[in-house]
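A.B. asks: Just so it is clear, I am handing over work11.cif, which has mmCIF, C-alpha atoms.
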data_entry
loop_
_atom_site.label_atom_id
_atom_site.label_comp_id
_atom_site.auth_asym_id
_atom_site.auth_seq_id
_atom_site.Cartn_x
_atom_site.Cartn_y
_atom_site.Cartn_z
CA MET U 1 29.04 43.52 -49.53
CA ALA U 2 26.38 43.64 -52.18
CA PHE U 3 23.96 41.29 -50.55
CA ALA U 4 23.67 40.29 -46.86
CA ILE U 5 21.21 38.74 -44.53
CA THR U 6 21.47 39.55 -40.88
CA ILE U 7 19.87 37.31 -38.28
CA GLN U 8 19.56 38.69 -34.80
CA ALA U 9 18.05 36.69 -31.96
CA ASP U 10 15.56 38.34 -29.69
CA SER U 11 17.24 37.35 -26.45
CA SER U 12 14.94 39.25 -24.11
CA PRO U 13 13.03 36.09 -22.96
CA ILE U 14 16.31 34.27 -22.36
CA GLU U 15 17.75 37.23 -20.53
CA ALA U 16 14.62 37.45 -18.37
CA VAL U 17 14.92 33.77 -17.38
CA LEU U 18 18.62 34.18 -16.59
CA LYS U 19 17.81 37.21 -14.47
CA GLN U 20 15.19 35.21 -12.55
CA LEU U 21 17.66 32.35 -12.09
CA GLY U 22 19.98 34.86 -10.47
CA SER U 23 17.32 35.46 -7.81
CA PHE U 24 16.90 31.74 -7.06
CA ASP U 25 18.98 31.98 -3.87
CA SER U 26 16.42 34.36 -2.37
CA LEU U 27 13.55 32.01 -3.33
CA LYS U 28 14.94 28.53 -2.68
CA ASP U 29 13.88 28.45 0.98
CA ARG U 30 10.26 28.62 -0.20
CA LEU U 31 10.87 25.72 -2.59
CA PHE U 32 12.55 23.57 0.07
CA ASP U 33 9.82 24.42 2.57
CA GLU U 34 7.11 23.28 0.16
CA ILE U 35 8.98 20.03 -0.55
CA GLY U 36 9.46 19.46 3.19
CA GLN U 37 5.76 19.97 3.89
CA ALA U 38 4.84 17.49 1.15
CA MET U 39 7.26 14.86 2.46
CA VAL U 40 5.95 15.21 6.03
CA VAL U 41 2.40 14.61 4.78
CA SER U 42 3.54 11.62 2.71
CA THR U 43 5.34 10.17 5.74
CA GLN U 44 2.27 10.66 7.94
CA GLU U 45 0.16 8.85 5.34
CA ARG U 46 2.39 5.79 5.76
CA PHE U 47 1.16 5.60 9.36
CA LEU U 48 -2.43 5.91 8.16
CA TRP U 49 -1.99 3.10 5.62
CA GLN U 50 0.36 1.07 7.89
CA ARG U 51 2.82 0.60 5.01
CA ASP U 52 6.55 1.09 4.58
CA VAL U 53 8.31 3.19 1.96
CA ASP U 54 8.12 0.33 -0.57
CA GLY U 55 4.38 -0.17 0.02
CA ASN U 56 4.73 -3.33 2.11
CA PRO U 57 2.46 -3.69 5.16
CA TRP U 58 4.10 -3.20 8.54
CA LYS U 59 4.19 -6.12 10.93
CA ILE U 60 1.43 -5.50 13.48
CA SER U 61 2.78 -4.61 16.92
CA TRP U 62 1.95 -6.59 20.07
CA ARG U 63 0.13 -3.59 21.48
CA ALA U 64 -2.05 -3.17 18.38
CA ARG U 65 -2.82 -6.89 18.31
CA LEU U 66 -3.71 -7.09 22.01
CA GLN U 67 -5.39 -3.73 22.53
CA GLY U 68 -6.67 -2.96 19.06
CA GLY U 69 -5.78 0.09 17.08
CA GLU U 70 -2.89 0.54 14.71
CA THR U 71 0.85 0.03 14.94
CA GLY U 72 2.70 3.23 15.83
CA ARG U 73 -0.47 5.22 16.46
CA LYS U 74 -1.48 4.56 20.06
CA ASP U 75 -0.95 8.12 21.27
CA GLY U 76 0.00 9.75 17.98
CA HIS U 77 3.27 11.18 19.26
CA LEU U 78 5.42 9.64 16.52
CA VAL U 79 3.20 10.48 13.55
CA ASN U 80 2.34 13.95 14.90
CA GLY U 81 5.99 14.61 15.77
CA MET U 82 6.97 14.71 12.08
CA SER U 83 8.51 17.96 10.94
CA HIS U 84 10.95 19.35 8.41
CA ASN U 85 13.90 21.73 8.42
CA VAL U 86 14.93 23.91 5.52
CA LEU U 87 18.68 23.73 4.97
CA ASN U 88 20.95 25.94 2.85
CA ASN U 89 20.87 23.53 -0.07
CA GLY U 90 17.93 21.23 0.63
CA VAL U 91 15.45 20.01 3.18
CA GLU U 92 15.36 17.29 5.82
CA TRP U 93 12.37 15.75 7.53
CA GLY U 94 11.85 13.23 10.26
CA ALA U 95 10.45 12.63 13.72
CA ASN U 96 11.48 14.19 17.02
CA GLN U 97 10.70 11.14 19.19
CA THR U 98 13.72 9.40 20.73
CA TYR U 99 12.35 6.00 19.71
CA ALA U 100 11.76 6.95 16.03
CA HIS U 101 14.95 5.24 14.88
CA VAL U 102 13.90 1.97 16.57
CA PHE U 103 10.52 2.10 14.83
CA HIS U 104 12.20 2.81 11.47
CA TYR U 105 15.19 0.42 11.62
CA GLY U 106 13.98 -2.13 14.16
CA ALA U 107 16.02 -3.35 17.11
CA HIS U 108 17.26 -6.40 18.94
CA ILE U 109 17.04 -5.83 22.69
CA THR U 110 18.73 -7.99 25.31
CA PRO U 111 18.84 -7.53 29.10
CA LYS U 112 21.44 -5.17 30.50
CA ASN U 113 21.39 -6.80 33.93
CA GLY U 114 20.19 -10.31 34.60
CA GLN U 115 18.81 -12.92 32.24
CA TYR U 116 15.41 -11.46 31.42
CA ILE U 117 13.69 -8.31 30.27
CA THR U 118 10.46 -7.67 32.18
CA PHE U 119 7.78 -5.39 30.80
CA ALA U 120 3.99 -4.96 30.83
CA VAL U 121 1.86 -5.79 27.78
CA GLY U 122 -1.90 -5.52 27.95
CA GLY U 123 -1.87 -5.18 31.73
CA GLN U 124 0.21 -8.32 32.23
CA PHE U 125 3.91 -8.60 32.89
CA ARG U 126 6.06 -10.55 30.47
CA LYS U 127 9.50 -11.96 31.11
CA VAL U 128 11.63 -12.68 28.02
CA LYS U 129 15.31 -13.21 27.18
CA GLU U 130 15.23 -10.88 24.17
CA VAL U 131 12.93 -8.70 22.10
CA ASN U 132 13.11 -8.28 18.35
CA ILE U 133 11.36 -5.18 17.08
CA PRO U 134 10.86 -5.39 13.32
CA SER U 135 11.80 -2.58 10.99
CA ARG U 136 8.84 -0.43 9.99
CA THR U 137 10.38 2.09 7.64
CA PHE U 138 8.49 5.34 7.40
CA LEU U 139 11.13 7.76 6.11
CA GLY U 140 12.20 7.75 2.50
CA ILE U 141 11.14 8.74 -0.98
CA ASP U 142 8.95 6.45 -3.06
CA ALA U 143 7.88 6.88 -6.70
CA GLU U 144 4.87 9.01 -5.72
CA ASP U 145 7.13 11.25 -3.62
CA GLU U 146 9.52 11.65 -6.56
CA ALA U 147 6.62 12.71 -8.80
CA SER U 148 5.38 15.10 -6.13
CA ILE U 149 8.81 16.69 -5.73
CA LEU U 150 9.18 17.06 -9.51
CA ASN U 151 5.75 18.70 -9.70
CA ILE U 152 6.65 21.09 -6.90
CA VAL U 153 9.94 22.01 -8.59
CA GLY U 154 8.24 22.36 -12.00
CA SER U 155 5.52 24.60 -10.58
CA PHE U 156 8.12 26.63 -8.72
CA ILE U 157 10.18 27.15 -11.88
CA ASP U 158 7.07 28.08 -13.83
CA GLU U 159 5.76 30.50 -11.22
CA HIS U 160 8.92 32.13 -9.92
CA LEU U 161 11.53 31.80 -12.63
CA LEU U 162 9.72 31.73 -15.95
CA ARG U 163 6.89 34.13 -15.13
CA GLY U 164 8.94 36.17 -12.69
CA ALA U 165 6.22 36.15 -10.03
#
Please go through the file and, once you have read it, give me the structure as structure tokens.

C.D. replies:
Amino acid sequence: MAFAITIQADSSPIEAVLKQLGSFDSLKDRLFDEIGQAMVVSTQERFLWQRDVDGNPWKISWRARLQGGETGRKDGHLVNGMSHNVLNNGVEWGANQTYAHVFHYGAHITPKNGQYITFAVGGQFRKVKEVNIPSRTFLGIDAEDEASILNIVGSFIDEHLLRGA
């Protein structure tokens, strides 16, 4: 061959990234933990702002209306019971209170025995045939959460995979 041009790619940066990607399994728990922490804080902020995942205000509870204060925050057990668990391929977060699902999804309660449900509200007993607890969603991912997760993942990739920190 009388004349030839040889082009050779410098693959060392690509190889370095691929090598870092190979170590992702040992780092992913840190990523999922950071995402879980951010989602717990976001969920707790919904209690502070008294708004659901879509930004709509929660219906004020009887207790908050009669005694003052905020819905779902009388003793703080629900909001302070938020936590997260790192899984093999992701993260989950939620509340450890047994009534958390009723707060989130709402409920229709009827008497088990007899015609009425009797309970105390504001120091007075009430007798009703049914109780409807409205849904006050607090778990979920909104647009701000999506952006936060993407920022966490982007920073993680930059710090641990691209720079090899």

A.B. asks: Please report as CSV every residue of stretch 59-103 of chain U lying within 8 Å of stretch 128-146 of chain U, along with the nearest atom pair and their distance in Å (one decimal), using all atoms listed in the file.

C.D. replies:
residue,atom,partner,partner_atom,distance
U:Lys59,CA,U:Pro134,CA,7.1
U:Gly94,CA,U:Leu139,CA,6.9
U:Val102,CA,U:Ser135,CA,7.5
U:Phe103,CA,U:Arg136,CA,5.7

A.B. asks: Quick one: residues within 12 Å of (0.4, 7.9, 8.0) (file frame), counting only C-alpha atoms, please, as a CSV table (one decimal) with C-alpha atoms, in the coordinates of the input.

C.D. replies:
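Result went into out.csv, see below:
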chain,number,residue,atom,x,y,z
U,39,MET,CA,7.3,14.9,2.5
U,40,VAL,CA,6.0,15.2,6.0
U,41,VAL,CA,2.4,14.6,4.8
U,42,SER,CA,3.5,11.6,2.7
U,43,THR,CA,5.3,10.2,5.7
U,44,GLN,CA,2.3,10.7,7.9
U,45,GLU,CA,0.2,8.8,5.3
U,46,ARG,CA,2.4,5.8,5.8
U,47,PHE,CA,1.2,5.6,9.4
U,48,LEU,CA,-2.4,5.9,8.2
U,49,TRP,CA,-2.0,3.1,5.6
U,50,GLN,CA,0.4,1.1,7.9
U,51,ARG,CA,2.8,0.6,5.0
U,52,ASP,CA,6.6,1.1,4.6
U,53,VAL,CA,8.3,3.2,2.0
U,58,TRP,CA,4.1,-3.2,8.5
U,70,GLU,CA,-2.9,0.5,14.7
U,71,THR,CA,0.8,0.0,14.9
U,72,GLY,CA,2.7,3.2,15.8
U,73,ARG,CA,-0.5,5.2,16.5
U,76,GLY,CA,0.0,9.8,18.0
U,78,LEU,CA,5.4,9.6,16.5
U,79,VAL,CA,3.2,10.5,13.6
U,80,ASN,CA,2.3,14.0,14.9
U,81,GLY,CA,6.0,14.6,15.8
U,82,MET,CA,7.0,14.7,12.1
U,137,THR,CA,10.4,2.1,7.6
U,138,PHE,CA,8.5,5.3,7.4
U,139,LEU,CA,11.1,7.8,6.1

A.B. asks: Atom CA of U:Val153 and atom CA of U:Gly55 are how many Å apart?

C.D. replies: 24.4 Å

A.B. asks: How would you write, as a PDB file with C-alpha atoms, keeping the file's coordinate frame, the residues chosen by the PyMOL selection byres ((chain U and resi 121-126) around 8) on this structure?

C.D. replies:
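Heads up, here's the output in out_11.pdb:
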ATOM      1  CA  TRP U  62       1.950  -6.590  20.070  1.00  0.00           C
ATOM      2  CA  ARG U  63       0.130  -3.590  21.480  1.00  0.00           C
ATOM      3  CA  LEU U  66      -3.710  -7.090  22.010  1.00  0.00           C
ATOM      4  CA  GLN U  67      -5.390  -3.730  22.530  1.00  0.00           C
ATOM      5  CA  ILE U 117      13.690  -8.310  30.270  1.00  0.00           C
ATOM      6  CA  THR U 118      10.460  -7.670  32.180  1.00  0.00           C
ATOM      7  CA  PHE U 119       7.780  -5.390  30.800  1.00  0.00           C
ATOM      8  CA  ALA U 120       3.990  -4.960  30.830  1.00  0.00           C
ATOM      9  CA  LYS U 127       9.500 -11.960  31.110  1.00  0.00           C
ATOM     10  CA  VAL U 128      11.630 -12.680  28.020  1.00  0.00           C
TER      11      VAL U 128
END

A.B. asks: Record the distance separating atom CA of U:Ile60 and atom CA of U:Gly36, expressed in Å with one decimal.

C.D. replies: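 We find that atom CA of U:Ile60 and atom CA of U:Gly36 lie 28.2 Å from each other.
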
A.B. asks: Run through the PyMOL selection byres ((chain U and resi 97) around 8) on the given coordinates and return the selected residues as a count of residues only.

C.D. replies: 8

A.B. asks: Rounded to one decimal place, report the atom CA of U:Asp33-atom CA of U:Val86 distance in Å.

C.D. replies: 5.9 Å

A.B. asks: Expand the PyMOL selection byres ((chain U and resi 91) around 10) into the explicit residue set it covers here, and present it as a ChimeraX atom specification.

C.D. replies: /U:29,31-37,39,84-90,92-93
